[in-house]
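Contents: one structure, followed by commentary.
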Amino acid sequence: MLFEKVTEHSSPYRHLEKMSVSEILTSINKEDKTVPGEVEKIIPQIAVLVQAIVDKMIMGGRLFYIGAGTSGRLGIVDASECPPSFGVPPGLVVGVIAGGNKAILEAVEFAEDDFNQGWKDLQLYNISTNDVVIGIAASGTTPYVIGALKKCRENGIITGSISGNPASPVSAEADHPIEVIVSPEFVTGSTRMKNGTAQKLVLNMISTAVMIQLGRVEDNVMVNMQLTNEKLVDRGVKMLMEKSGISDYDNAKRLLLLHKSVKKAMEK
(Lines give C-alpha, C1' and ligand atoms only; values in the text may rest on other atoms or scores of the structure.)
Protein backbone atom coordinates (compact mmCIF):
# COMPACT_ATOMS: atom_id res chain seq x y z
CA MET A 1 0.00 0.00 0.00
CA LEU A 2 1.33 3.45 -0.93
CA PHE A 3 2.00 5.60 2.13
CA GLU A 4 -0.14 8.75 2.22
CA LYS A 5 -0.17 11.38 4.96
CA VAL A 6 -3.89 11.74 5.55
CA THR A 7 -2.99 13.70 8.68
CA GLU A 8 -1.66 16.51 6.47
CA HIS A 9 -4.64 16.75 4.12
CA SER A 10 -6.30 20.17 3.98
CA SER A 11 -9.24 20.77 6.28
CA PRO A 12 -12.63 20.72 4.52
CA TYR A 13 -13.48 23.86 6.51
CA ARG A 14 -12.29 27.15 5.06
CA HIS A 15 -11.80 30.69 6.40
CA LEU A 16 -12.00 29.62 10.03
CA GLU A 17 -11.17 33.15 11.15
CA LYS A 18 -14.49 34.31 9.71
CA MET A 19 -16.55 31.78 11.69
CA SER A 20 -18.47 32.73 14.80
CA VAL A 21 -17.46 31.05 18.07
CA SER A 22 -20.59 28.91 17.86
CA GLU A 23 -19.72 27.80 14.32
CA ILE A 24 -16.16 26.90 15.35
CA LEU A 25 -17.30 24.85 18.33
CA THR A 26 -20.08 23.10 16.40
CA SER A 27 -17.69 22.18 13.60
CA ILE A 28 -15.05 20.82 15.97
CA ASN A 29 -17.71 18.79 17.76
CA LYS A 30 -19.01 17.45 14.45
CA GLU A 31 -15.52 16.22 13.56
CA ASP A 32 -14.91 14.76 17.05
CA LYS A 33 -18.06 12.63 16.73
CA THR A 34 -16.46 10.70 13.87
CA VAL A 35 -13.52 9.46 15.96
CA PRO A 36 -15.16 6.65 18.01
CA GLY A 37 -16.52 5.11 14.82
CA GLU A 38 -13.01 4.87 13.38
CA VAL A 39 -11.69 3.38 16.62
CA GLU A 40 -14.46 0.77 16.52
CA LYS A 41 -13.16 -0.48 13.17
CA ILE A 42 -9.81 -1.53 14.63
CA ILE A 43 -10.99 -3.19 17.87
CA PRO A 44 -9.85 -6.63 16.62
CA GLN A 45 -6.27 -5.33 16.24
CA ILE A 46 -6.39 -3.70 19.67
CA ALA A 47 -7.63 -6.95 21.20
CA VAL A 48 -4.64 -8.90 19.85
CA LEU A 49 -2.24 -6.30 21.23
CA VAL A 50 -3.95 -6.33 24.64
CA GLN A 51 -3.60 -10.10 24.85
CA ALA A 52 0.10 -9.87 23.98
CA ILE A 53 0.58 -7.33 26.79
CA VAL A 54 -1.33 -9.45 29.30
CA ASP A 55 0.72 -12.51 28.42
CA LYS A 56 3.98 -10.63 28.99
CA MET A 57 2.81 -9.01 32.23
CA ILE A 58 1.77 -12.36 33.67
CA MET A 59 5.39 -13.39 33.14
CA GLY A 60 6.67 -10.27 34.92
CA GLY A 61 6.92 -7.90 31.96
CA ARG A 62 6.07 -4.23 31.61
CA LEU A 63 4.31 -1.96 29.12
CA PHE A 64 6.09 1.04 27.63
CA TYR A 65 4.57 3.89 25.64
CA ILE A 66 7.03 5.98 23.61
CA GLY A 67 6.24 9.11 21.61
CA ALA A 68 7.01 12.76 20.95
CA GLY A 69 4.96 15.91 21.57
CA THR A 70 1.24 15.33 22.11
CA SER A 71 1.63 11.61 21.44
CA GLY A 72 4.32 11.27 24.09
CA ARG A 73 2.32 13.29 26.60
CA LEU A 74 -0.77 11.13 26.10
CA GLY A 75 1.31 8.03 26.76
CA ILE A 76 2.63 9.54 29.98
CA VAL A 77 -0.89 10.50 31.09
CA ASP A 78 -2.18 6.96 30.57
CA ALA A 79 0.82 5.38 32.28
CA SER A 80 0.61 7.75 35.26
CA GLU A 81 -3.05 6.91 35.85
CA CYS A 82 -2.47 3.16 36.22
CA PRO A 83 -1.00 3.14 39.76
CA PRO A 84 -3.72 5.26 41.41
CA SER A 85 -6.55 3.63 39.46
CA PHE A 86 -5.49 0.00 39.69
CA GLY A 87 -2.97 -0.15 42.55
CA VAL A 88 -0.10 -1.38 40.38
CA PRO A 89 3.55 -0.33 40.88
CA PRO A 90 4.59 2.89 39.08
CA GLY A 91 7.08 1.00 36.92
CA LEU A 92 4.57 -1.46 35.44
CA VAL A 93 3.33 0.97 32.76
CA VAL A 94 5.87 3.59 31.70
CA GLY A 95 5.57 6.62 29.42
CA VAL A 96 8.70 7.79 27.59
CA ILE A 97 8.76 11.10 25.69
CA ALA A 98 11.28 12.59 23.28
CA GLY A 99 13.15 15.37 25.08
CA GLY A 100 12.63 13.90 28.54
CA ASN A 101 10.61 15.39 31.39
CA LYS A 102 11.05 18.94 30.09
CA ALA A 103 9.03 17.98 27.01
CA ILE A 104 5.98 17.18 29.13
CA LEU A 105 5.36 20.90 29.66
CA GLU A 106 7.00 22.52 26.64
CA ALA A 107 8.23 21.66 23.17
CA VAL A 108 11.84 20.50 22.92
CA GLU A 109 13.12 21.45 19.49
CA PHE A 110 14.14 18.61 17.16
CA ALA A 111 13.96 15.98 19.94
CA GLU A 112 11.64 13.85 17.82
CA ASP A 113 14.09 13.82 14.90
CA ASP A 114 16.78 11.73 16.64
CA PHE A 115 16.44 8.20 15.26
CA ASN A 116 18.69 6.65 17.91
CA GLN A 117 17.60 8.46 21.08
CA GLY A 118 14.36 6.52 21.63
CA TRP A 119 16.21 3.25 22.05
CA LYS A 120 18.75 4.93 24.34
CA ASP A 121 15.90 6.23 26.50
CA LEU A 122 14.32 2.78 26.71
CA GLN A 123 17.62 1.25 27.74
CA LEU A 124 17.56 3.42 30.87
CA TYR A 125 14.75 1.12 32.04
CA ASN A 126 16.68 -2.09 31.27
CA ILE A 127 14.18 -2.93 28.57
CA SER A 128 14.03 -6.66 27.79
CA THR A 129 12.12 -9.35 25.91
CA ASN A 130 9.73 -9.55 28.88
CA ASP A 131 8.35 -6.13 27.93
CA VAL A 132 6.05 -4.67 25.27
CA VAL A 133 6.71 -1.27 23.66
CA ILE A 134 4.00 0.77 21.92
CA GLY A 135 5.13 3.65 19.72
CA ILE A 136 2.66 6.52 19.41
CA ALA A 137 2.96 8.85 16.41
CA ALA A 138 0.01 10.51 14.68
CA SER A 139 1.94 10.99 11.44
CA GLY A 140 3.57 7.58 11.70
CA THR A 141 6.86 9.15 10.61
CA THR A 142 8.50 10.29 13.87
CA PRO A 143 12.17 9.15 13.73
CA TYR A 144 12.47 8.98 17.54
CA VAL A 145 9.62 6.45 17.69
CA ILE A 146 10.49 4.50 14.53
CA GLY A 147 14.10 4.07 15.64
CA ALA A 148 13.03 2.84 19.06
CA LEU A 149 10.63 0.25 17.64
CA LYS A 150 13.18 -0.92 15.07
CA LYS A 151 15.77 -1.60 17.77
CA CYS A 152 13.15 -3.29 19.95
CA ARG A 153 12.30 -5.73 17.18
CA GLU A 154 15.98 -6.38 16.52
CA ASN A 155 16.27 -7.32 20.18
CA GLY A 156 13.23 -9.59 20.24
CA ILE A 157 10.91 -7.17 22.08
CA ILE A 158 7.23 -7.17 21.08
CA THR A 159 6.14 -3.85 19.56
CA GLY A 160 2.88 -2.09 18.87
CA SER A 161 2.08 1.28 17.33
CA ILE A 162 -0.73 3.83 17.25
CA SER A 163 -0.81 6.13 14.23
CA GLY A 164 -3.20 8.11 12.07
CA ASN A 165 -1.94 7.28 8.56
CA PRO A 166 -2.38 4.03 6.62
CA ALA A 167 0.72 1.91 5.98
CA SER A 168 2.99 4.36 7.79
CA PRO A 169 6.69 3.77 8.55
CA VAL A 170 5.95 3.32 12.26
CA SER A 171 3.44 0.57 11.45
CA ALA A 172 6.15 -1.23 9.48
CA GLU A 173 8.21 -1.50 12.68
CA ALA A 174 5.31 -2.77 14.81
CA ASP A 175 4.31 -6.37 15.40
CA HIS A 176 0.85 -5.04 16.26
CA PRO A 177 0.13 -1.82 14.30
CA ILE A 178 -2.98 0.17 15.22
CA GLU A 179 -4.03 2.69 12.57
CA VAL A 180 -6.96 5.00 13.30
CA ILE A 181 -7.66 7.00 10.15
CA VAL A 182 -9.73 9.96 11.30
CA SER A 183 -9.39 12.06 8.10
CA PRO A 184 -8.18 15.69 7.93
CA GLU A 185 -8.19 17.81 11.06
CA PHE A 186 -10.45 20.83 11.56
CA VAL A 187 -7.27 22.94 11.58
CA THR A 188 -5.08 21.46 8.85
CA GLY A 189 -2.34 19.26 10.31
CA SER A 190 -3.26 19.91 13.96
CA THR A 191 -3.05 16.27 15.05
CA ARG A 192 -3.54 17.15 18.72
CA MET A 193 -7.24 17.31 17.80
CA LYS A 194 -8.95 14.25 16.28
CA ASN A 195 -5.79 12.18 16.16
CA GLY A 196 -5.04 13.02 19.78
CA THR A 197 -8.59 12.05 20.73
CA ALA A 198 -8.23 8.75 18.87
CA GLN A 199 -4.94 8.03 20.63
CA LYS A 200 -6.48 8.76 24.02
CA LEU A 201 -9.42 6.44 23.32
CA VAL A 202 -7.13 3.61 22.23
CA LEU A 203 -4.81 4.07 25.22
CA ASN A 204 -7.80 4.02 27.57
CA MET A 205 -8.95 0.78 25.99
CA ILE A 206 -5.53 -0.87 26.16
CA SER A 207 -4.66 -0.05 29.76
CA THR A 208 -8.16 -0.66 31.13
CA ALA A 209 -8.58 -3.98 29.34
CA VAL A 210 -5.12 -5.11 30.45
CA MET A 211 -5.79 -4.23 34.09
CA ILE A 212 -9.16 -5.99 34.08
CA GLN A 213 -7.54 -9.09 32.60
CA LEU A 214 -4.89 -8.96 35.34
CA GLY A 215 -7.59 -8.96 38.02
CA ARG A 216 -7.18 -5.34 39.10
CA VAL A 217 -10.94 -4.69 38.76
CA GLU A 218 -13.71 -6.70 40.42
CA ASP A 219 -17.28 -6.46 39.19
CA ASN A 220 -17.13 -2.90 37.84
CA VAL A 221 -15.09 -1.18 40.55
CA MET A 222 -11.44 -0.25 41.11
CA VAL A 223 -10.97 -2.30 44.28
CA ASN A 224 -7.19 -1.82 44.15
CA MET A 225 -7.17 1.96 43.71
CA GLN A 226 -4.75 3.99 45.83
CA LEU A 227 -6.25 6.16 48.57
CA THR A 228 -4.44 9.34 47.60
CA ASN A 229 -7.11 11.93 48.48
CA GLU A 230 -10.37 12.31 50.40
CA LYS A 231 -12.49 11.84 47.29
CA LEU A 232 -10.95 8.42 46.68
CA VAL A 233 -11.20 7.49 50.35
CA ASP A 234 -14.91 8.32 50.31
CA ARG A 235 -15.37 6.33 47.09
CA GLY A 236 -13.50 3.40 48.64
CA VAL A 237 -15.59 3.48 51.81
CA LYS A 238 -18.80 3.33 49.79
CA MET A 239 -17.40 0.47 47.68
CA LEU A 240 -16.49 -1.45 50.83
CA MET A 241 -19.91 -0.87 52.39
CA GLU A 242 -21.66 -2.08 49.25
CA LYS A 243 -19.47 -5.14 48.74
CA SER A 244 -19.10 -6.26 52.37
CA GLY A 245 -22.47 -5.35 53.84
CA ILE A 246 -20.94 -3.07 56.47
CA SER A 247 -23.58 -0.48 57.30
CA ASP A 248 -21.56 1.92 59.42
CA TYR A 249 -19.58 4.47 57.38
CA ASP A 250 -17.01 5.20 60.10
CA ASN A 251 -16.32 1.51 60.68
CA ALA A 252 -15.88 0.91 56.96
CA LYS A 253 -13.54 3.89 56.71
CA ARG A 254 -11.46 2.61 59.63
CA LEU A 255 -11.07 -0.78 57.96
CA LEU A 256 -10.25 0.77 54.60
CA LEU A 257 -7.53 3.03 55.97
CA LEU A 258 -6.11 0.17 58.00
CA HIS A 259 -5.78 -2.19 55.03
CA LYS A 260 -5.07 0.50 52.37
CA SER A 261 -7.41 -0.86 49.67
CA VAL A 262 -10.97 -2.07 49.22
CA LYS A 263 -9.79 -5.50 48.12
CA LYS A 264 -7.57 -6.07 51.14
CA ALA A 265 -10.22 -4.76 53.53
CA MET A 266 -12.75 -7.20 52.07
CA GLU A 267 -10.34 -10.11 52.58
CA LYS A 268 -10.02 -9.42 56.33
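Here, A, B, ... name the chains of the C-alpha coordinates in the order displayed, residue numbers run from 1 inside each chain, and ligands are numbered from 1 in the same displayed order.
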Query raised in the report: Using the chain letters and numbers from this document, which residues of range 100-185 of chain A does DSSP assign to helix (DSSP H, G or I), as a ChimeraX atom specification?
Result: /A:102-105,111-113,117-123,143-154,169-172
Report task. May I ask which of the residues A:Ala68, A:Val132, A:Ile42, A:Val88 is the closest one to Asn101 in chain A, counting only C-alpha atoms? Result ->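 Smallest distance to Asn101 in chain A is found for A:Ala68.
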Report task. Rank nothing, just name the residue among A:Gly164, A:Gly75, A:Gly91, A:Pro83 nearest to Val182 in chain A, using only C-alpha atoms. Result ->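 With only C-alpha atoms as the atom set, the closest residue is A:Gly164.
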Query raised in the report: Which of range 10-256 of chain A counts as strand (DSSP E) under DSSP, as a list in words please?
Result: Leu63, Phe64, Tyr65, Ile66, Gly67, Val93, Val94, Gly95, Val96, Ile97, Val132, Val133, Ile134, Gly135, Ile136, Ala137, Ile158, Thr159, Gly160, Ser161, Ile162, Ser163, His176, Pro177, Ile178 and Glu179 of chain A
Query - For CA of Gly95 in chain A and CA of Met193 in chain A, the interatomic separation in Å (one decimal) - result: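 Calculated distance between CA of Gly95 in chain A and CA of Met193 in chain A is 20.3 Å.
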Query raised in the report: Looking at only C-alpha atoms, which of A:Lys231, A:Arg73, A:Lys200, A:Lys243 is the one that sits closest to Ile162 in chain A?
Result: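 For Ile162 in chain A, the nearest of the given residues is A:Lys200.
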**Report entry** Residue among A:Asn130, A:Thr141, A:Gln213, A:Thr7 lying closest to Asn155 in chain A, counting only C-alpha atoms
**Finding:**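 That would be A:Asn130, the residue with the smallest distance to Asn155 in chain A.
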Report task. Compile the contact shell of Gly99 in chain A as a PyMOL selection string: residues with an atom at most 12 Å away, counting only C-alpha atoms, same-chain residues fewer than 2 positions apart removed. Result -> chain A and resi 66-69+72-73+96-97+101-114+117-118+120-121+144
Query raised in the report: Between A:Met205, A:Ile178, A:Leu25, A:Ile157, which is the closest to Asp78 in chain A once you count only C-alpha atoms?
Result: A:Met205
Query - Spatial neighbours of Ala265 in chain A, max dist 12 Å, only C-alpha atoms, sep filter under 2 positions, as a PyMOL selection string - result: chain A and resi 223-224+236-237+239-241+243-244+246+251-263+267-268
Query - Option closest in space to Ile28 in chain A, from A:Gly245, A:Glu218, A:Ala138, A:Leu16 [counting only C-alpha atoms] - result: A:Leu16
Report task. Name the residues in contact with Glu185 in chain A at a cut-off of 6 Å, using only C-alpha atoms, excluding same-chain residues fewer than 2 positions from it; report them as a list in words. Result ->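 Contacts, in chain order: Ser11, Val187 and Thr188 of chain A.
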Query raised in the report: Quick one: residues within 7 Å of Ile146 in chain A, only C-alpha atoms counted, chain neighbours fewer than 3 positions away excluded, as a list in words?
Result: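 What passes the distance filter is Thr142, Pro143, Leu149, Lys150, Val170 and Glu173 of chain A.
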Requested in this report: List the neighbours of Gly37 in chain A out to 10 Å using only C-alpha atoms; skip same-chain residues closer than 3 positions along the sequence, and give me the result as a PyMOL selection string.
Outcome: chain A and resi 33-34+40-42+180+182+198
